[in-house]
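Structure file query.pdb (PDB, C-alpha atoms, pLDDT in the B column) follows.
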```pdb
ATOM      1  CA  MET A   1       0.000   0.000   0.000  1.00 50.00           C
ATOM      2  CA  ARG A   2       1.243   3.488  -0.744  1.00 54.00           C
ATOM      3  CA  THR A   3       2.010   5.859   2.111  1.00 53.00           C
ATOM      4  CA  ALA A   4      -0.921   8.143   1.236  1.00 54.00           C
ATOM      5  CA  GLN A   5      -3.304   5.186   1.239  1.00 55.00           C
ATOM      6  CA  VAL A   6      -2.012   3.959   4.585  1.00 50.00           C
ATOM      7  CA  SER A   7      -2.303   7.466   6.029  1.00 50.00           C
ATOM      8  CA  ALA A   8      -5.882   7.760   4.774  1.00 53.00           C
ATOM      9  CA  LEU A   9      -6.763   4.361   6.224  1.00 53.00           C
ATOM     10  CA  ILE A  10      -5.245   5.263   9.602  1.00 54.00           C
ATOM     11  CA  PHE A  11      -7.149   8.563   9.552  1.00 55.00           C
ATOM     12  CA  ILE A  12     -10.421   6.796   8.835  1.00 55.00           C
ATOM     13  CA  LEU A  13      -9.881   4.111  11.475  1.00 58.00           C
ATOM     14  CA  ALA A  14      -8.617   6.557  14.093  1.00 58.00           C
ATOM     15  CA  GLY A  15     -11.474   8.958  13.461  1.00 56.00           C
ATOM     16  CA  GLY A  16     -14.087   6.271  13.853  1.00 53.00           C
ATOM     17  CA  ILE A  17     -15.531   6.999  10.429  1.00 53.00           C
ATOM     18  CA  SER A  18     -17.706   4.181   9.195  1.00 55.00           C
ATOM     19  CA  LEU A  19     -17.524   3.945   5.417  1.00 53.00           C
ATOM     20  CA  ALA A  20     -20.110   1.162   5.390  1.00 56.00           C
ATOM     21  CA  ALA A  21     -22.662   3.423   7.030  1.00 60.00           C
ATOM     22  CA  ASP A  22     -21.844   6.353   4.790  1.00 65.00           C
ATOM     23  CA  TYR A  23     -21.857   4.532   1.473  1.00 73.00           C
ATOM     24  CA  ALA A  24     -24.493   2.325  -0.082  1.00 77.00           C
ATOM     25  CA  PRO A  25     -23.622   1.137  -3.588  1.00 82.00           C
ATOM     26  CA  GLY A  26     -26.238   1.591  -6.246  1.00 83.00           C
ATOM     27  CA  LEU A  27     -27.806  -1.256  -8.136  1.00 86.00           C
ATOM     28  CA  GLY A  28     -25.493  -0.662 -11.099  1.00 87.00           C
ATOM     29  CA  GLU A  29     -22.386  -1.041  -8.941  1.00 90.00           C
ATOM     30  CA  ILE A  30     -23.713  -4.214  -7.343  1.00 92.00           C
ATOM     31  CA  MET A  31     -24.670  -5.694 -10.696  1.00 93.00           C
ATOM     32  CA  SER A  32     -21.196  -4.953 -12.065  1.00 93.00           C
ATOM     33  CA  VAL A  33     -19.790  -7.177  -9.324  1.00 95.00           C
ATOM     34  CA  VAL A  34     -22.473  -9.779 -10.099  1.00 96.00           C
ATOM     35  CA  GLN A  35     -21.252  -9.751 -13.688  1.00 95.00           C
ATOM     36  CA  GLN A  36     -17.655 -10.335 -12.557  1.00 95.00           C
ATOM     37  CA  HIS A  37     -18.623 -13.324 -10.428  1.00 96.00           C
ATOM     38  CA  HIS A  38     -20.803 -14.646 -13.267  1.00 97.00           C
ATOM     39  CA  ALA A  39     -17.735 -14.659 -15.526  1.00 96.00           C
ATOM     40  CA  LYS A  40     -15.401 -16.102 -12.894  1.00 96.00           C
ATOM     41  CA  LEU A  41     -17.932 -18.827 -12.129  1.00 97.00           C
ATOM     42  CA  PHE A  42     -17.948 -19.756 -15.800  1.00 97.00           C
ATOM     43  CA  TYR A  43     -14.156 -19.924 -16.035  1.00 96.00           C
ATOM     44  CA  ALA A  44     -13.880 -22.007 -12.869  1.00 97.00           C
ATOM     45  CA  GLY A  45     -16.549 -24.472 -13.971  1.00 97.00           C
ATOM     46  CA  HIS A  46     -15.181 -24.660 -17.490  1.00 96.00           C
ATOM     47  CA  ALA A  47     -11.775 -25.555 -16.005  1.00 96.00           C
ATOM     48  CA  ALA A  48     -13.401 -28.086 -13.622  1.00 97.00           C
ATOM     49  CA  ASN A  49     -11.948 -26.197 -10.663  1.00 97.00           C
ATOM     50  CA  TRP A  50     -14.902 -27.129  -8.477  1.00 98.00           C
ATOM     51  CA  ASP A  51     -13.596 -25.497  -5.295  1.00 98.00           C
ATOM     52  CA  LEU A  52     -13.239 -22.168  -7.078  1.00 97.00           C
ATOM     53  CA  ALA A  53     -16.585 -22.646  -8.823  1.00 98.00           C
ATOM     54  CA  ARG A  54     -18.283 -23.252  -5.458  1.00 98.00           C
ATOM     55  CA  TYR A  55     -16.625 -20.120  -4.051  1.00 98.00           C
ATOM     56  CA  GLU A  56     -17.664 -17.968  -7.035  1.00 98.00           C
ATOM     57  CA  LEU A  57     -21.214 -19.325  -6.843  1.00 98.00           C
ATOM     58  CA  GLU A  58     -21.393 -18.299  -3.168  1.00 98.00           C
ATOM     59  CA  GLU A  59     -20.043 -14.841  -4.021  1.00 97.00           C
ATOM     60  CA  LEU A  60     -22.542 -14.509  -6.862  1.00 97.00           C
ATOM     61  CA  GLN A  61     -25.391 -15.467  -4.539  1.00 97.00           C
ATOM     62  CA  GLU A  62     -24.265 -12.922  -1.925  1.00 96.00           C
ATOM     63  CA  ASP A  63     -24.149 -10.177  -4.533  1.00 95.00           C
ATOM     64  CA  LEU A  64     -27.571 -11.103  -5.897  1.00 95.00           C
ATOM     65  CA  ASP A  65     -28.883 -10.985  -2.321  1.00 94.00           C
ATOM     66  CA  ASP A  66     -27.379  -7.500  -2.002  1.00 92.00           C
ATOM     67  CA  ALA A  67     -28.954  -6.483  -5.328  1.00 91.00           C
ATOM     68  CA  SER A  68     -32.351  -7.652  -4.109  1.00 90.00           C
ATOM     69  CA  LYS A  69     -31.961  -5.289  -1.119  1.00 86.00           C
ATOM     70  CA  ALA A  70     -30.877  -2.303  -3.201  1.00 78.00           C
ATOM     71  CA  ARG A  71     -32.806   0.884  -2.640  1.00 68.00           C
ATOM     72  CA  HIS A  72     -33.327   1.409  -6.360  1.00 67.00           C
ATOM     73  CA  GLU A  73     -36.964   1.277  -7.332  1.00 67.00           C
ATOM     74  CA  PHE A  74     -38.330   0.941 -10.837  1.00 67.00           C
ATOM     75  CA  LYS A  75     -41.475   3.032 -11.184  1.00 68.00           C
ATOM     76  CA  THR A  76     -43.215   0.532 -13.450  1.00 73.00           C
ATOM     77  CA  LEU A  77     -41.852  -2.689 -11.939  1.00 79.00           C
ATOM     78  CA  LYS A  78     -44.765  -4.737 -10.653  1.00 81.00           C
ATOM     79  CA  THR A  79     -42.594  -7.101  -8.596  1.00 83.00           C
ATOM     80  CA  PRO A  80     -40.134  -5.557  -6.114  1.00 85.00           C
ATOM     81  CA  LEU A  81     -36.457  -6.416  -6.583  1.00 87.00           C
ATOM     82  CA  LYS A  82     -36.462  -8.279  -3.269  1.00 88.00           C
ATOM     83  CA  ASP A  83     -38.886 -10.763  -4.832  1.00 91.00           C
ATOM     84  CA  LEU A  84     -37.923 -10.569  -8.499  1.00 91.00           C
ATOM     85  CA  ILE A  85     -34.212 -11.361  -8.257  1.00 93.00           C
ATOM     86  CA  PRO A  86     -34.578 -14.547  -6.177  1.00 94.00           C
ATOM     87  CA  ALA A  87     -37.506 -15.728  -8.293  1.00 94.00           C
ATOM     88  CA  MET A  88     -35.486 -15.300 -11.472  1.00 94.00           C
ATOM     89  CA  THR A  89     -32.187 -16.754 -10.248  1.00 95.00           C
ATOM     90  CA  LYS A  90     -32.650 -19.171  -7.349  1.00 95.00           C
ATOM     91  CA  PRO A  91     -33.669 -22.259  -9.387  1.00 96.00           C
ATOM     92  CA  GLN A  92     -30.723 -21.849 -11.749  1.00 96.00           C
ATOM     93  CA  LEU A  93     -28.261 -21.227  -8.914  1.00 97.00           C
ATOM     94  CA  GLU A  94     -29.448 -24.428  -7.258  1.00 98.00           C
ATOM     95  CA  LYS A  95     -28.889 -26.360 -10.501  1.00 98.00           C
ATOM     96  CA  ILE A  96     -25.392 -24.936 -10.826  1.00 98.00           C
ATOM     97  CA  SER A  97     -24.685 -25.910  -7.224  1.00 98.00           C
ATOM     98  CA  ALA A  98     -25.827 -29.466  -7.941  1.00 98.00           C
ATOM     99  CA  ALA A  99     -23.624 -29.614 -11.051  1.00 98.00           C
ATOM    100  CA  ILE A 100     -20.645 -28.432  -9.011  1.00 98.00           C
ATOM    101  CA  GLU A 101     -21.277 -31.051  -6.340  1.00 98.00           C
ATOM    102  CA  LYS A 102     -21.504 -33.753  -9.035  1.00 98.00           C
ATOM    103  CA  LYS A 103     -18.410 -32.306 -10.716  1.00 98.00           C
ATOM    104  CA  SER A 104     -20.259 -32.479 -14.008  1.00 98.00           C
ATOM    105  CA  LYS A 105     -18.966 -30.134 -16.693  1.00 97.00           C
ATOM    106  CA  VAL A 106     -21.932 -31.012 -18.912  1.00 98.00           C
ATOM    107  CA  GLU A 107     -24.528 -30.168 -16.251  1.00 98.00           C
ATOM    108  CA  PHE A 108     -22.546 -27.104 -15.244  1.00 98.00           C
ATOM    109  CA  ALA A 109     -22.527 -25.754 -18.817  1.00 97.00           C
ATOM    110  CA  LYS A 110     -26.248 -26.401 -19.224  1.00 98.00           C
ATOM    111  CA  SER A 111     -27.216 -24.808 -15.897  1.00 97.00           C
ATOM    112  CA  PHE A 112     -24.852 -21.865 -16.454  1.00 97.00           C
ATOM    113  CA  GLN A 113     -26.543 -21.154 -19.791  1.00 97.00           C
ATOM    114  CA  ALA A 114     -29.942 -21.291 -18.056  1.00 97.00           C
ATOM    115  CA  LEU A 115     -28.724 -18.812 -15.430  1.00 97.00           C
ATOM    116  CA  THR A 116     -27.540 -16.467 -18.163  1.00 97.00           C
ATOM    117  CA  VAL A 117     -30.951 -16.638 -19.846  1.00 97.00           C
ATOM    118  CA  SER A 118     -32.593 -15.891 -16.479  1.00 96.00           C
ATOM    119  CA  CYS A 119     -30.378 -12.844 -15.995  1.00 96.00           C
ATOM    120  CA  ASN A 120     -31.489 -11.468 -19.335  1.00 96.00           C
ATOM    121  CA  SER A 121     -35.135 -12.293 -18.604  1.00 95.00           C
ATOM    122  CA  CYS A 122     -34.838 -10.352 -15.361  1.00 92.00           C
ATOM    123  CA  HIS A 123     -33.383  -7.388 -17.241  1.00 92.00           C
ATOM    124  CA  HIS A 124     -36.383  -7.473 -19.601  1.00 92.00           C
ATOM    125  CA  VAL A 125     -38.857  -7.549 -16.705  1.00 90.00           C
ATOM    126  CA  ALA A 126     -36.971  -4.664 -15.070  1.00 87.00           C
ATOM    127  CA  GLU A 127     -37.248  -2.716 -18.345  1.00 86.00           C
ATOM    128  CA  HIS A 128     -33.508  -2.862 -19.008  1.00 89.00           C
ATOM    129  CA  PRO A 129     -33.455  -5.184 -22.042  1.00 93.00           C
ATOM    130  CA  PHE A 130     -30.435  -3.309 -23.363  1.00 95.00           C
ATOM    131  CA  ILE A 131     -28.321  -5.026 -20.678  1.00 94.00           C
ATOM    132  CA  VAL A 132     -27.531  -8.378 -22.259  1.00 96.00           C
ATOM    133  CA  ILE A 133     -25.364 -10.885 -20.416  1.00 95.00           C
ATOM    134  CA  GLN A 134     -23.707 -13.737 -22.264  1.00 95.00           C
ATOM    135  CA  VAL A 135     -21.580 -16.750 -21.561  1.00 94.00           C
ATOM    136  CA  PRO A 136     -18.010 -15.392 -21.571  1.00 92.00           C
ATOM    137  CA  THR A 137     -16.166 -15.805 -24.851  1.00 89.00           C
ATOM    138  CA  GLN A 138     -12.677 -14.735 -23.827  1.00 84.00           C
ATOM    139  CA  PRO A 139     -10.895 -14.446 -20.489  1.00 77.00           C
ATOM    140  CA  ALA A 140     -11.478 -11.124 -18.782  1.00 79.00           C
ATOM    141  CA  PHE A 141      -9.242 -11.829 -15.806  1.00 84.00           C
ATOM    142  CA  PRO A 142      -5.715 -12.433 -17.096  1.00 84.00           C
ATOM    143  CA  ASN A 143      -4.343 -12.045 -13.579  1.00 83.00           C
ATOM    144  CA  GLN A 144      -6.188 -15.075 -12.164  1.00 87.00           C
ATOM    145  CA  ARG A 145      -5.593 -18.747 -12.886  1.00 85.00           C
ATOM    146  CA  PHE A 146      -8.797 -20.771 -13.063  1.00 90.00           C
ATOM    147  CA  THR A 147      -7.216 -24.198 -13.421  1.00 88.00           C
ATOM    148  CA  LYS A 148      -5.934 -26.016 -10.356  1.00 85.00           C
TER     149      LYS A 148
END
```
Starting from the file, lay out its structure as structure tokens.
Amino acid sequence: MRTAQVSALIFILAGGISLAADYAPGLGEIMSVVQQHHAKLFYAGHAANWDLARYELEELQEDLDDASKARHEFKTLKTPLKDLIPAMTKPQLEKISAAIEKKSKVEFAKSFQALTVSCNSCHHVAEHPFIVIQVPTQPAFPNQRFTK
């Protein structure tokens, strides 16, 4: 860490400032992290690194839980985010979890594709059809190894 960063961190800790209380990420920021874990989950499963896949699935679920609690409200959305996000993703996440436990690349690929379709369906329901998620086509994280 650079000296300025350390000094800022010491200042924050010493002053009792709570960044968590002062900052609540917006839905867009949360969903950007969801997208990262979606990609990392794919790479881990594709490489049959089941421990990493399980970890990324848990991270993805945590972020989707956070997204469902986001304060953002869509004026025309009939189903609140707290209900919509789990309804659209939970069945697919459970199937991915089962594929990971079975260590089945075939089931993983199939359930991952279904999750991706569900993400896009959710975007349509939330009137954001211009946000289209896809199965990754090229590595986006050159600084992480996904194989064991």
Using the chain letters and residue numbers of this document, give as a list of chain:residue names the residues selected by the PyMOL selection byres ((chain A and resi 90) around 12).
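When the PyMOL selection byres ((chain A and resi 90) around 12) is applied to the shown file, the picked residues are A:Leu57, A:Leu60, A:Gln61, A:Glu62, A:Leu64, A:Asp65, A:Ser68, A:Asp83, A:Leu84, A:Ile85, A:Pro86, A:Ala87, A:Met88, A:Thr89, A:Pro91, A:Gln92, A:Leu93, A:Glu94, A:Lys95, A:Ile96, A:Ser97, A:Ser111, A:Ala114, A:Leu115, A:Ser118, A:Cys119.
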Interatomic distance between CA of Phe108 in chain A and CA of Leu81 in chain A?
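Straight-line distance from CA of Phe108 in chain A to CA of Leu81 in chain A works out to 26.4 Å.
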Give me, please, the distance in Å between CA of Val132 in chain A and CA of Glu107 in chain A, quoted to one decimal.
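CA of Glu107 in chain A lies at a distance of 22.8 Å from CA of Val132 in chain A.
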Contact residues around Ser32 in chain A with all atoms listed in the file at 12 Å, ignoring same-chain residues under 5 positions, as a ChimeraX atom specification:
/A:25-27,37-39,60,63-64,67,131,133
Would you mind reading off the distance between CA of Gln144 in chain A and CA of Asn120 in chain A, one decimal, in Å?
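About the pair CA of Gln144 in chain A and CA of Asn120 in chain A: they are 26.5 Å apart.
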Nearest residue to His46 in chain A from the set A:Lys69, A:His123, A:Lys78, A:Lys148 (distances using all atoms listed in the file):
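Nearest candidate to His46 in chain A out of A:Lys69, A:His123, A:Lys78, A:Lys148: A:Lys148.
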Check the smallest atom-to-atom distance from each of A:Ala70, A:Cys122, A:Ala140, A:Ala48 to Ala99 in chain A using all atoms listed in the file, then report the winner.
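Using all atoms listed in the file, Ala99 in chain A sits closest to A:Ala48.
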Around range 111-117 of chain A, with edges along x, y and z and 4 Å added on all six sides, what centre and edge lengths do you get, in Å to one decimal, as AutoDock Vina command-line options?
```
--center_x -27.9 --center_y -20.6 --center_z -17.6 --size_x 14.1 --size_y 16.3 --size_z 12.4
```
Which residue is closest to Gly45 in chain A? Choose from A:Asn143, A:Pro136, A:Glu29, A:Ser104 and count only C-alpha atoms.
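Closest to Gly45 in chain A of all the choices is A:Ser104.
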Translate the PyMOL selection byres ((chain A and resi 54) around 9), as applied to the file shown, into an explicit residue set as a compact mmCIF listing (two decimals) with C-alpha atoms, keeping the file's coordinate frame.
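Listing of result34.txt after writing:
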```txt
# COMPACT_ATOMS: atom_id res chain seq x y z
CA LEU A 41 -17.93 -18.83 -12.13
CA ALA A 44 -13.88 -22.01 -12.87
CA GLY A 45 -16.55 -24.47 -13.97
CA ASN A 49 -11.95 -26.20 -10.66
CA TRP A 50 -14.90 -27.13 -8.48
CA ASP A 51 -13.60 -25.50 -5.30
CA LEU A 52 -13.24 -22.17 -7.08
CA ALA A 53 -16.58 -22.65 -8.82
CA TYR A 55 -16.62 -20.12 -4.05
CA GLU A 56 -17.66 -17.97 -7.04
CA LEU A 57 -21.21 -19.32 -6.84
CA GLU A 58 -21.39 -18.30 -3.17
CA GLU A 59 -20.04 -14.84 -4.02
CA SER A 97 -24.68 -25.91 -7.22
CA ILE A 100 -20.64 -28.43 -9.01
CA GLU A 101 -21.28 -31.05 -6.34
```
When you count all atoms listed in the file, which of these residues is closest to Asp66 in chain A: A:Met31, A:Thr147, A:Tyr43, A:Ala98?
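Going through A:Met31, A:Thr147, A:Tyr43, A:Ala98 one by one, the smallest distance to Asp66 in chain A is for A:Met31.
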Rank A:Ile30, A:Ala47, A:Tyr23, A:Thr76 by their smallest atom-to-atom distance to His128 in chain A, using only C-alpha atoms, and report the top residue only.
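Smallest separation from His128 in chain A among the options: A:Thr76.
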When you count all atoms listed in the file, which of these residues is closest to Arg145 in chain A: A:Glu127, A:Lys40, A:Val106, A:Lys82?
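Closest candidate: A:Lys40.
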